[in-house]
$ cat coords-v7.csv   # CSV, C-alpha atoms
chain,number,residue,atom,x,y,z
J,42,MET,CA,44.7,-35.5,7.2
J,43,THR,CA,41.3,-35.7,8.9
J,44,SER,CA,39.6,-32.3,9.0
J,45,LEU,CA,38.2,-31.0,12.3
J,46,PRO,CA,34.4,-30.7,12.8
J,47,PRO,CA,33.0,-27.3,12.0
J,48,ILE,CA,32.8,-24.6,14.7
J,49,LEU,CA,29.4,-23.3,15.5
J,50,LEU,CA,29.2,-20.1,17.5
J,51,VAL,CA,26.2,-19.7,19.9
J,52,THR,CA,25.1,-16.4,21.5
J,53,CYS,CA,22.7,-16.0,24.4
J,54,GLY,CA,20.8,-12.9,23.2
J,55,ASP,CA,19.8,-10.5,26.0
J,56,PRO,CA,21.3,-11.8,29.3
J,57,ALA,CA,18.3,-10.5,31.2
J,58,GLY,CA,16.0,-13.0,29.3
J,59,ILE,CA,15.8,-16.8,29.0
J,60,GLY,CA,18.5,-16.9,26.3
J,61,PRO,CA,21.3,-17.9,28.7
J,62,GLU,CA,19.0,-20.6,30.1
J,63,VAL,CA,18.1,-22.1,26.8
J,64,VAL,CA,21.8,-22.0,25.7
J,65,CYS,CA,22.9,-24.0,28.8
J,66,LEU,CA,20.0,-26.5,28.4
J,67,ALA,CA,20.6,-27.0,24.7
J,68,TRP,CA,24.4,-27.3,25.2
J,69,HIS,CA,23.8,-30.2,27.6
J,70,ARG,CA,21.2,-31.9,25.4
J,71,THR,CA,22.3,-31.4,21.8
J,72,ALA,CA,23.5,-34.3,19.7
J,73,ALA,CA,25.8,-31.9,17.8
J,74,HIS,CA,28.8,-32.5,20.0
J,75,GLY,CA,31.1,-34.7,18.0
J,76,THR,CA,29.9,-33.6,14.6
J,77,ALA,CA,30.5,-30.0,15.4
J,78,ARG,CA,32.6,-28.0,17.9
J,79,LEU,CA,30.3,-25.7,19.8
J,80,ARG,CA,31.4,-22.4,21.5
J,81,VAL,CA,29.3,-19.8,23.2
J,82,VAL,CA,30.3,-16.2,22.6
J,83,ALA,CA,29.3,-14.3,25.7
J,84,ASP,CA,30.4,-12.9,29.1
J,85,ALA,CA,31.7,-16.0,30.9
J,86,GLY,CA,31.0,-14.5,34.3
J,87,MET,CA,27.4,-13.9,33.3
J,88,LEU,CA,27.0,-17.5,32.3
J,89,ALA,CA,28.6,-18.7,35.5
J,90,ASP,CA,26.2,-16.6,37.5
J,91,VAL,CA,23.2,-17.9,35.5
J,92,LEU,CA,24.3,-21.5,36.1
J,93,ALA,CA,24.7,-20.8,39.9
J,94,SER,CA,21.5,-18.9,40.4
J,95,ARG,CA,18.8,-20.1,38.1
J,96,PRO,CA,16.9,-23.3,38.8
J,97,GLY,CA,16.6,-26.3,36.5
J,98,LEU,CA,19.9,-25.9,34.7
J,99,PRO,CA,22.5,-28.7,34.2
J,100,ALA,CA,25.8,-28.8,36.1
J,101,LEU,CA,28.2,-27.3,33.6
J,102,THR,CA,31.7,-26.1,34.0
J,103,VAL,CA,32.4,-22.7,32.3
J,104,ARG,CA,35.7,-22.6,30.6
J,105,ARG,CA,37.0,-19.5,28.8
J,106,ILE,CA,38.8,-20.3,25.5
J,107,SER,CA,40.3,-18.3,22.7
J,108,ALA,CA,38.6,-18.1,19.3
J,109,ASP,CA,41.2,-20.3,17.8
J,110,ASP,CA,41.2,-23.1,20.4
J,111,PRO,CA,40.8,-26.3,18.4
J,112,ARG,CA,39.4,-28.5,21.2
J,113,PRO,CA,36.2,-30.5,20.8
J,114,SER,CA,33.1,-29.6,22.8
J,115,GLN,CA,31.3,-31.8,25.2
J,116,ARG,CA,28.2,-31.8,27.2
J,117,GLY,CA,29.6,-31.0,30.7
J,118,GLU,CA,31.9,-28.2,29.8
J,119,LEU,CA,30.6,-24.9,28.5
J,120,LEU,CA,33.3,-23.4,26.2
J,121,VAL,CA,33.0,-19.6,26.2
J,122,ILE,CA,34.8,-17.2,23.8
J,123,PRO,CA,34.6,-13.9,25.7
J,124,SER,CA,33.0,-11.0,23.8
J,125,PRO,CA,34.6,-7.6,24.1
J,126,ALA,CA,33.2,-5.1,26.6
J,127,GLN,CA,31.7,-3.0,24.0
J,128,ARG,CA,31.6,-3.0,20.2
J,129,SER,CA,29.6,0.1,19.5
J,130,GLY,CA,26.7,2.1,20.9
J,131,PRO,CA,26.8,4.5,23.9
J,132,ALA,CA,26.0,2.0,26.6
J,133,SER,CA,29.1,0.3,28.0
J,134,VAL,CA,29.2,-3.2,29.4
J,135,GLY,CA,30.4,-3.0,33.0
J,136,ALA,CA,31.0,-5.5,35.8
J,137,ALA,CA,27.5,-5.5,37.3
J,138,PRO,CA,25.0,-7.7,35.4
J,139,PRO,CA,21.8,-6.3,34.0
J,140,PRO,CA,18.6,-6.8,36.1
J,141,ILE,CA,16.9,-10.0,35.0
J,142,GLY,CA,13.5,-9.9,33.5
J,143,ALA,CA,13.7,-6.3,32.3
J,144,ALA,CA,14.9,-4.4,29.3
J,145,SER,CA,18.0,-2.3,29.8
J,146,ALA,CA,20.7,-0.6,27.8
J,147,LEU,CA,23.3,-2.9,29.5
J,148,GLY,CA,21.4,-6.0,28.4
J,149,GLY,CA,21.1,-4.7,24.8
J,150,ALA,CA,24.8,-3.8,24.7
J,151,MET,CA,25.9,-7.2,25.9
J,152,ALA,CA,23.6,-8.9,23.4
J,153,ALA,CA,24.9,-6.8,20.5
J,154,ALA,CA,28.5,-7.2,21.5
J,155,SER,CA,28.2,-11.0,21.5
J,156,VAL,CA,26.5,-11.1,18.1
J,157,LEU,CA,28.9,-8.7,16.4
J,158,THR,CA,31.9,-10.6,17.8
J,159,ALA,CA,30.6,-13.9,16.6
J,160,SER,CA,29.6,-12.5,13.2
J,161,ALA,CA,33.1,-11.2,12.7
J,162,LEU,CA,34.6,-14.6,13.5
J,163,VAL,CA,32.3,-16.3,11.0
J,164,ARG,CA,33.1,-13.8,8.3
J,165,GLU,CA,36.8,-14.2,8.9
J,166,GLY,CA,36.5,-17.9,8.4
J,167,ARG,CA,37.3,-18.8,12.0
J,168,ALA,CA,33.9,-20.4,12.5
J,169,ALA,CA,31.3,-22.0,10.2
J,170,ALA,CA,28.0,-20.6,11.5
J,171,LEU,CA,26.3,-18.4,14.0
J,172,VAL,CA,23.3,-19.5,16.2
J,173,THR,CA,21.7,-16.7,18.1
J,174,GLY,CA,19.5,-16.5,21.2
J,175,PRO,CA,16.7,-14.0,21.6
J,176,LEU,CA,17.4,-10.3,22.0
J,177,HIS,CA,15.0,-7.5,23.1
J,178,LYS,CA,14.4,-4.7,20.6
J,179,GLU,CA,13.7,-2.1,23.3
J,180,ALA,CA,17.0,-3.0,25.0
J,181,LEU,CA,18.9,-3.0,21.7
J,182,HIS,CA,17.6,0.5,21.0
J,183,ALA,CA,18.4,1.7,24.5
J,184,ALA,CA,22.0,0.5,23.8
J,185,GLY,CA,22.2,2.8,20.8
J,186,PHE,CA,21.5,0.3,18.0
J,187,ASP,CA,18.9,1.7,15.6
J,188,VAL,CA,17.9,-1.6,14.1
J,189,PRO,CA,14.6,-3.6,14.4
J,190,GLY,CA,16.4,-6.8,15.3
J,191,HIS,CA,19.0,-9.5,14.6
J,192,THR,CA,18.2,-9.7,10.9
J,193,GLU,CA,19.0,-6.1,10.1
J,194,LEU,CA,21.8,-5.9,12.6
J,195,LEU,CA,23.6,-8.7,10.8
J,196,ALA,CA,22.8,-7.4,7.4
J,197,ARG,CA,24.4,-4.0,8.1
J,198,ASP,CA,27.4,-5.7,9.9
J,199,CYS,CA,28.0,-7.6,6.6
J,200,GLY,CA,27.8,-4.4,4.6
J,201,LEU,CA,24.3,-5.1,3.1
J,202,PRO,CA,21.2,-3.0,3.0
J,203,ASP,CA,18.2,-4.3,5.0
J,204,GLU,CA,16.3,-5.3,1.9
J,205,ALA,CA,19.1,-7.7,0.8
J,206,VAL,CA,18.2,-10.2,3.4
J,207,SER,CA,15.1,-12.2,4.4
J,208,MET,CA,13.9,-14.0,7.5
J,209,MET,CA,12.9,-17.6,7.0
J,210,LEU,CA,11.0,-19.3,9.7
J,211,TRP,CA,11.8,-23.0,9.4
J,212,LEU,CA,9.6,-25.6,11.1
J,213,PRO,CA,11.3,-28.9,11.2
J,214,ALA,CA,9.1,-32.0,10.9
J,215,THR,CA,10.2,-33.2,14.3
J,216,ASP,CA,11.8,-31.8,17.4
J,217,GLY,CA,15.3,-32.8,16.4
J,218,GLY,CA,15.6,-29.9,14.0
J,219,GLY,CA,17.8,-31.7,11.5
J,220,ASP,CA,15.0,-33.0,9.3
J,221,ALA,CA,15.2,-33.2,5.5
J,222,ASP,CA,11.5,-32.2,5.5
J,223,GLY,CA,9.5,-29.4,7.1
J,224,LEU,CA,8.0,-26.1,6.2
J,225,GLY,CA,9.8,-22.8,5.5
J,226,VAL,CA,8.2,-19.4,5.4
J,227,VAL,CA,9.9,-16.3,4.1
J,228,HIS,CA,8.5,-12.8,4.5
J,229,ALA,CA,8.5,-10.2,1.7
J,230,THR,CA,8.2,-7.5,4.3
J,231,LEU,CA,9.1,-7.8,8.0
J,232,HIS,CA,9.7,-5.5,11.0
J,233,GLU,CA,7.7,-2.4,10.1
J,234,PRO,CA,4.2,-1.0,10.6
J,235,LEU,CA,1.6,-2.9,8.6
J,236,ARG,CA,0.6,0.2,6.7
J,237,ALA,CA,4.2,0.9,5.7
J,238,ALA,CA,4.7,-2.8,4.7
J,239,LEU,CA,1.7,-2.8,2.4
J,240,ALA,CA,2.7,0.5,0.8
J,241,ARG,CA,6.2,-0.8,0.1
J,242,LEU,CA,5.1,-4.2,-1.3
J,243,SER,CA,6.1,-4.8,-4.9
J,244,PRO,CA,6.6,-7.6,-7.4
J,245,ALA,CA,10.4,-7.1,-7.0
J,246,LEU,CA,10.2,-7.6,-3.2
J,247,ILE,CA,8.0,-10.7,-3.6
J,248,THR,CA,10.3,-12.2,-6.3
J,249,ALA,CA,13.4,-11.6,-4.2
J,250,ALA,CA,11.8,-13.3,-1.2
J,251,GLY,CA,10.8,-16.3,-3.3
J,252,ARG,CA,14.3,-16.5,-4.8
J,253,ARG,CA,15.9,-16.6,-1.3
J,254,LEU,CA,13.3,-19.1,-0.1
J,255,ASP,CA,14.1,-21.4,-3.0
J,256,GLY,CA,17.9,-21.2,-2.3
J,257,GLY,CA,17.6,-21.6,1.4
J,258,LEU,CA,15.2,-24.5,1.3
J,259,GLY,CA,17.2,-26.1,-1.4
J,260,ALA,CA,20.2,-26.2,0.9
J,261,LEU,CA,18.1,-27.6,3.8
J,262,LEU,CA,16.2,-30.2,1.8
J,263,GLY,CA,18.8,-31.2,-0.7
J,264,ARG,CA,16.3,-30.8,-3.6
J,265,HIS,CA,14.3,-28.2,-5.3
J,266,PRO,CA,11.4,-27.0,-3.0
J,267,ARG,CA,7.8,-26.6,-3.9
J,268,ILE,CA,6.9,-23.0,-3.1
J,269,ALA,CA,3.5,-21.2,-2.8
J,270,VAL,CA,3.0,-17.4,-2.7
J,271,ALA,CA,0.3,-16.2,-0.4
J,272,ALA,CA,-2.4,-13.8,-1.5
J,273,LEU,CA,-2.7,-10.4,0.2
J,274,ASN,CA,-6.5,-10.1,0.3
J,275,PRO,CA,-9.2,-12.5,1.6
J,276,HIS,CA,-10.0,-15.3,-0.9
J,277,ALA,CA,-7.0,-14.0,-3.1
J,278,GLY,CA,-9.0,-10.9,-4.0
J,279,GLU,CA,-12.1,-12.9,-5.2
J,280,GLY,CA,-11.4,-12.0,-8.8
J,281,GLY,CA,-10.9,-8.4,-8.1
J,282,LEU,CA,-13.9,-7.9,-5.8
J,283,PHE,CA,-11.6,-7.4,-2.7
J,284,GLY,CA,-8.8,-5.6,-4.5
J,285,ASP,CA,-6.4,-5.8,-7.4
J,286,ASP,CA,-3.2,-6.5,-5.4
J,287,GLU,CA,-3.1,-10.2,-6.5
J,288,ALA,CA,-3.1,-9.3,-10.2
J,289,ARG,CA,-1.0,-6.2,-9.8
J,290,LEU,CA,1.7,-7.4,-7.4
J,291,VAL,CA,1.6,-11.1,-6.6
J,292,ALA,CA,0.9,-12.8,-10.0
J,293,PRO,CA,3.8,-10.9,-11.8
J,294,ALA,CA,6.2,-12.1,-9.0
J,295,VAL,CA,5.1,-15.7,-9.3
J,296,ALA,CA,5.5,-15.5,-13.1
J,297,ALA,CA,9.0,-14.1,-12.7
J,298,LEU,CA,9.9,-16.9,-10.3
J,299,VAL,CA,8.6,-19.6,-12.6
J,300,ALA,CA,10.6,-18.0,-15.5
J,301,GLU,CA,13.7,-18.4,-13.3
J,302,GLY,CA,13.0,-22.1,-12.9
J,303,VAL,CA,11.6,-21.9,-9.4
J,304,ASP,CA,8.8,-24.4,-8.6
J,305,ALA,CA,6.3,-21.7,-7.5
J,306,CYS,CA,2.6,-21.1,-7.7
J,307,GLY,CA,0.1,-18.5,-6.4
J,308,PRO,CA,-1.3,-16.2,-5.3
J,309,LEU,CA,-3.2,-18.6,-3.0
J,310,PRO,CA,-5.6,-17.6,-0.2
J,311,ALA,CA,-3.6,-17.5,3.0
J,312,ASP,CA,-6.4,-18.9,5.2
J,313,THR,CA,-6.2,-22.3,3.6
J,314,LEU,CA,-2.6,-22.2,2.3
J,315,PHE,CA,-0.9,-22.9,5.6
J,316,VAL,CA,-3.3,-25.8,6.3
J,317,ARG,CA,-2.3,-27.3,2.9
J,318,ALA,CA,1.4,-26.7,3.5
J,319,SER,CA,1.2,-28.3,7.0
J,320,GLN,CA,-0.2,-31.4,5.3
J,321,GLY,CA,2.7,-31.6,2.9
J,322,ALA,CA,1.4,-29.9,-0.2
J,323,PHE,CA,4.3,-27.3,-0.2
J,324,ASP,CA,7.8,-27.0,1.2
J,325,GLY,CA,7.8,-23.3,1.5
J,326,ILE,CA,5.5,-20.2,1.5
J,327,VAL,CA,6.2,-16.6,0.7
J,328,ALA,CA,4.2,-14.5,3.2
J,329,LEU,CA,3.7,-10.9,2.3
J,330,TYR,CA,3.9,-9.4,5.8
J,331,HIS,CA,5.1,-10.3,9.3
J,332,ASP,CA,2.0,-11.7,11.0
J,333,GLN,CA,0.8,-13.5,7.9
J,334,GLY,CA,3.8,-15.8,8.2
J,335,HIS,CA,4.6,-15.7,12.0
J,336,ILE,CA,1.2,-16.5,13.4
J,337,PRO,CA,0.6,-19.8,11.6
J,338,ILE,CA,4.1,-21.1,12.1
J,339,LYS,CA,4.0,-20.4,15.8
J,340,LEU,CA,0.6,-22.0,16.1
J,341,LEU,CA,2.0,-25.1,14.2
J,342,GLY,CA,5.1,-25.4,16.4
J,343,MET,CA,6.5,-22.3,18.1
J,344,HIS,CA,8.9,-24.2,20.3
J,345,ARG,CA,10.6,-26.1,17.6
J,346,ALA,CA,10.7,-23.3,14.9
J,347,VAL,CA,14.0,-21.9,13.7
J,348,ASN,CA,14.8,-18.4,12.3
J,349,VAL,CA,17.2,-18.6,9.3
J,350,THR,CA,18.5,-15.4,7.7
J,351,LEU,CA,18.7,-15.7,4.0
J,352,GLY,CA,20.9,-13.4,1.9
J,353,LEU,CA,23.8,-13.1,4.3
J,354,PRO,CA,27.3,-14.3,3.3
J,355,ILE,CA,27.3,-16.4,6.5
J,356,VAL,CA,25.1,-19.1,7.9
J,357,ARG,CA,22.9,-17.8,10.7
J,358,THR,CA,20.1,-19.5,12.5
J,359,SER,CA,18.2,-18.5,15.6
J,360,VAL,CA,15.5,-19.4,18.0
J,361,ALA,CA,12.1,-18.2,16.9
J,362,HIS,CA,10.9,-17.0,20.3
J,363,GLY,CA,11.6,-13.9,22.4
J,364,THR,CA,13.3,-13.1,25.7
J,365,ALA,CA,10.3,-14.2,27.8
J,366,PHE,CA,11.2,-11.8,30.6
J,367,ASP,CA,8.1,-13.1,32.5
J,368,ILE,CA,9.5,-16.6,33.1
J,369,VAL,CA,13.2,-15.8,33.7
J,370,GLY,CA,14.7,-17.9,36.5
J,371,ARG,CA,11.6,-19.9,37.1
J,372,GLY,CA,12.9,-23.2,35.5
J,373,LEU,CA,10.4,-22.9,32.6
J,374,ALA,CA,12.7,-22.2,29.7
J,375,ASP,CA,12.3,-24.6,26.8
J,376,PRO,CA,15.4,-25.3,24.7
J,377,ALA,CA,13.6,-27.0,21.8
J,378,SER,CA,14.0,-24.0,19.4
J,379,MET,CA,17.7,-23.6,20.3
J,380,LEU,CA,18.3,-27.3,19.8
J,381,ALA,CA,16.5,-27.1,16.4
J,382,ALA,CA,18.5,-24.0,15.5
J,383,ILE,CA,21.8,-25.7,16.2
J,384,ALA,CA,20.8,-28.8,14.2
J,385,ALA,CA,19.7,-26.6,11.3
J,386,ALA,CA,22.9,-24.7,11.3
J,387,LEU,CA,24.9,-27.9,11.2
J,388,ARG,CA,22.8,-29.2,8.4
J,389,LEU,CA,23.3,-26.0,6.4
J,390,VAL,CA,27.0,-26.0,7.0
J,391,THR,CA,27.4,-29.7,5.9
J,392,ALA,CA,24.8,-29.8,3.2
J,393,LYS,CA,25.9,-30.0,-0.4
J,394,GLY,CA,25.2,-26.6,-2.0
J,395,SER,CA,25.3,-24.7,1.3
J,396,LEU,CA,23.2,-21.8,2.4
J,397,THR,CA,26.2,-19.4,1.9
J,398,ALA,CA,26.4,-20.3,-1.8
J,399,ALA,CA,22.6,-20.2,-2.2
J,400,SER,CA,22.5,-16.8,-0.4
J,401,ALA,CA,25.2,-15.4,-2.6
J,402,ARG,CA,23.3,-16.4,-5.7
J,403,ALA,CA,20.1,-15.0,-4.3
J,404,ALA,CA,21.7,-11.7,-3.3
J,405,SER,CA,23.1,-11.3,-6.8
J,406,GLY,CA,19.7,-11.8,-8.3
J,407,ALA,CA,20.9,-14.6,-10.5
J,408,PRO,CA,18.4,-17.4,-11.4
J,409,ARG,CA,19.5,-20.9,-10.5
$ encode --input "coords-v7.csv" --output "structure tokens"
Amino acid sequence: MTSLPPILLVTCGDPAGIGPEVVCLAWHRTAAHGTARLRVVADAGMLADVLASRPGLPALTVRRISADDPRPSQRGELLVIPSPAQRSGPASVGAAPPPIGAASALGGAMAAASVLTASALVREGRAAALVTGPLHKEALHAAGFDVPGHTELLARDCGLPDEAVSMMLWLPATDGGGDADGLGVVHATLHEPLRAALARLSPALITAAGRRLDGGLGALLGRHPRIAVAALNPHAGEGGLFGDDEARLVAPAVAALVAEGVDACGPLPADTLFVRASQGAFDGIVALYHDQGHIPIKLLGMHRAVNVTLGLPIVRTSVAHGTAFDIVGRGLADPASMLAAIAAALRLVTAKGSLTAASARAASGAPR
């Protein structure tokens, strides 16, 4: 008996942003139809309104389906699994759409409802992976969700503490997103004030991030990745002249990773590390705080970068850009990151030694 292609669930993020536009554009352009069955988890009426009112979008027919509908997906027909009106939080989702280009409790509630619905379907084994569009943190908070973003929302939905998961920014080598080469960056600390992140940084946090990066990249690449750990201070501390953080925090973490069999080195000065990695010297980098990793990746290729959550019991990829309220409805939305996120999710689902297995190992703290 021939098995059916895996189901990939796509969410639009905040409906007031460009998420619905990039989902519709990517649906029409992706090469994943045929090797996967795509579904969008969203308010079908909202998507129909977007297709009818925003310029530059393809001619798609919106069709509501059940979560267990086995049909294949195709370019011209947008298959939508309706999300419930409200999963949690005080803001209810009503009939009127949220105002476009602005943060609102309604937009945050709709975004969260779609993500939580899709997450449940993947956890129940009724879909293989989750691909998310951009949400807006202010809108999410206005809707009553006290989380910094998707990463923490999904961690808590899966019953995990925030520190059990890591964000990896994956930059495919080409725009297709399904490359066996590219650059991955995992952050030891993420969505918090820089002062708090540096105070919380520890060898254990850095080691955990490196372990997850090793597992996640291994699933994407099909081989053991070469990993570098960034230094915290300029010039890697210049032998202690600029601080002892490298010797006290980073070097012990690198030693622990090497002892586990990870191909890791560091601490290396961050100002030259990303140049070396972009030229192929490393497959992955452990960044110590948010902007240390985000800025270079977005300079190298913001519109094709993919956000992968490591440590979850499910496969989740996402666009690496925000809601872009300032360009909503202007025909300027670029689907490259969504296309890459779909391709990466499919690669992770089908790759030998999937991200789910790698994440479970990393979450348990077990060496490979």
$ residues_around --input "coords-v7.csv" --residues "segment 273-283 of chain J" --least-positions-apart "2" --cutoff "10 Å" --atoms "only C-alpha atoms" --output "PyMOL selection string"
chain J and resi 239+270-271+285-288+290-291+307-313+328-330+333
$ residues_near_point --input "coords-v7.csv" --point "(1.2, -26.8, 1.7)" --cutoff "12 Å" --atoms "all atoms listed in the file" --output "ChimeraX atom specification"
/J:223-226,266-271,305-307,309-327
$ residues_around --input "coords-v7.csv" --residues "segment 186-198 of chain J" --least-positions-apart "3" --cutoff "9 Å" --atoms "only C-alpha atoms" --output "JSON, numbers by chain"
{"J": [129, 130, 131, 149, 150, 153, 156, 157, 160, 161, 173, 175, 176, 177, 178, 180, 181, 182, 183, 201, 202, 203, 204, 205, 206, 207, 208, 232, 233, 350, 352, 353]}
$ closest_residue --input "coords-v7.csv" --among "J:Leu171, J:Ala249, J:Leu340, J:Ala297" --to "Thr358 of chain J" --atoms "only C-alpha atoms"
J:Leu171
$ closest_residue --input "coords-v7.csv" --among "J:Asn348, J:Ala93, J:Pro111, J:Gly370" --to "His335 of chain J" --atoms "only C-alpha atoms"
J:Asn348
$ closest_residue --input "coords-v7.csv" --among "J:Val82, J:Ala381, J:Ala77, J:Ala144" --to "Gln115 of chain J" --atoms "all atoms listed in the file"
J:Ala77
$ atom_distance --input "coords-v7.csv" --atom1 "atom CA of Ile59 of chain J" --atom2 "atom CA of Leu119 of chain J"
16.9 Å
$ build_atoms --input "coords-v7.csv" --residues "segment 183-201 of chain J" --atoms "N, CA and C atoms" --output "PDB file, in the coordinates of the input"
ATOM      1  N   ALA J 183      17.871   0.966  23.340  1.00  0.00           N
ATOM      2  CA  ALA J 183      18.400   1.700  24.500  1.00  0.00           C
ATOM      3  C   ALA J 183      19.928   1.699  24.484  1.00  0.00           C
ATOM      4  N   ALA J 184      20.515   0.649  23.913  1.00  0.00           N
ATOM      5  CA  ALA J 184      22.000   0.500  23.800  1.00  0.00           C
ATOM      6  C   ALA J 184      22.545   1.336  22.664  1.00  0.00           C
ATOM      7  N   GLY J 185      21.693   1.951  21.861  1.00  0.00           N
ATOM      8  CA  GLY J 185      22.200   2.800  20.800  1.00  0.00           C
ATOM      9  C   GLY J 185      22.195   2.133  19.414  1.00  0.00           C
ATOM     10  N   PHE J 186      21.552   0.978  19.263  1.00  0.00           N
ATOM     11  CA  PHE J 186      21.500   0.300  18.000  1.00  0.00           C
ATOM     12  C   PHE J 186      20.195   0.505  17.316  1.00  0.00           C
ATOM     13  N   ASP J 187      20.182   1.315  16.278  1.00  0.00           N
ATOM     14  CA  ASP J 187      18.900   1.700  15.600  1.00  0.00           C
ATOM     15  C   ASP J 187      18.585   0.689  14.542  1.00  0.00           C
ATOM     16  N   VAL J 188      18.274  -0.523  14.976  1.00  0.00           N
ATOM     17  CA  VAL J 188      17.900  -1.600  14.100  1.00  0.00           C
ATOM     18  C   VAL J 188      16.666  -2.300  14.672  1.00  0.00           C
ATOM     19  N   PRO J 189      15.813  -2.887  13.826  1.00  0.00           N
ATOM     20  CA  PRO J 189      14.600  -3.600  14.400  1.00  0.00           C
ATOM     21  C   PRO J 189      14.966  -4.908  15.048  1.00  0.00           C
ATOM     22  N   GLY J 190      16.105  -5.536  14.713  1.00  0.00           N
ATOM     23  CA  GLY J 190      16.400  -6.800  15.300  1.00  0.00           C
ATOM     24  C   GLY J 190      17.679  -7.431  14.734  1.00  0.00           C
ATOM     25  N   HIS J 191      17.865  -8.733  15.024  1.00  0.00           N
ATOM     26  CA  HIS J 191      19.000  -9.500  14.600  1.00  0.00           C
ATOM     27  C   HIS J 191      19.225  -9.391  13.049  1.00  0.00           C
ATOM     28  N   THR J 192      18.125  -9.594  12.317  1.00  0.00           N
ATOM     29  CA  THR J 192      18.200  -9.700  10.900  1.00  0.00           C
ATOM     30  C   THR J 192      18.892  -8.477  10.266  1.00  0.00           C
ATOM     31  N   GLU J 193      18.406  -7.307  10.648  1.00  0.00           N
ATOM     32  CA  GLU J 193      19.000  -6.100  10.100  1.00  0.00           C
ATOM     33  C   GLU J 193      20.329  -5.758  10.685  1.00  0.00           C
ATOM     34  N   LEU J 194      20.537  -6.080  11.964  1.00  0.00           N
ATOM     35  CA  LEU J 194      21.800  -5.900  12.600  1.00  0.00           C
ATOM     36  C   LEU J 194      22.925  -6.635  11.845  1.00  0.00           C
ATOM     37  N   LEU J 195      22.653  -7.883  11.523  1.00  0.00           N
ATOM     38  CA  LEU J 195      23.600  -8.700  10.800  1.00  0.00           C
ATOM     39  C   LEU J 195      23.797  -8.284   9.377  1.00  0.00           C
ATOM     40  N   ALA J 196      22.711  -7.880   8.736  1.00  0.00           N
ATOM     41  CA  ALA J 196      22.800  -7.400   7.400  1.00  0.00           C
ATOM     42  C   ALA J 196      23.772  -6.208   7.287  1.00  0.00           C
ATOM     43  N   ARG J 197      23.577  -5.241   8.165  1.00  0.00           N
ATOM     44  CA  ARG J 197      24.400  -4.000   8.100  1.00  0.00           C
ATOM     45  C   ARG J 197      25.852  -4.380   8.561  1.00  0.00           C
ATOM     46  N   ASP J 198      26.013  -5.325   9.482  1.00  0.00           N
ATOM     47  CA  ASP J 198      27.400  -5.700   9.900  1.00  0.00           C
ATOM     48  C   ASP J 198      28.101  -6.383   8.720  1.00  0.00           C
ATOM     49  N   CYS J 199      27.351  -7.016   7.821  1.00  0.00           N
ATOM     50  CA  CYS J 199      28.000  -7.600   6.600  1.00  0.00           C
ATOM     51  C   CYS J 199      28.025  -6.664   5.449  1.00  0.00           C
ATOM     52  N   GLY J 200      27.677  -5.393   5.682  1.00  0.00           N
ATOM     53  CA  GLY J 200      27.800  -4.400   4.600  1.00  0.00           C
ATOM     54  C   GLY J 200      26.629  -4.450   3.626  1.00  0.00           C
ATOM     55  N   LEU J 201      25.474  -4.977   4.038  1.00  0.00           N
ATOM     56  CA  LEU J 201      24.300  -5.100   3.100  1.00  0.00           C
ATOM     57  C   LEU J 201      23.189  -4.216   3.556  1.00  0.00           C
TER      58      LEU J 201
END
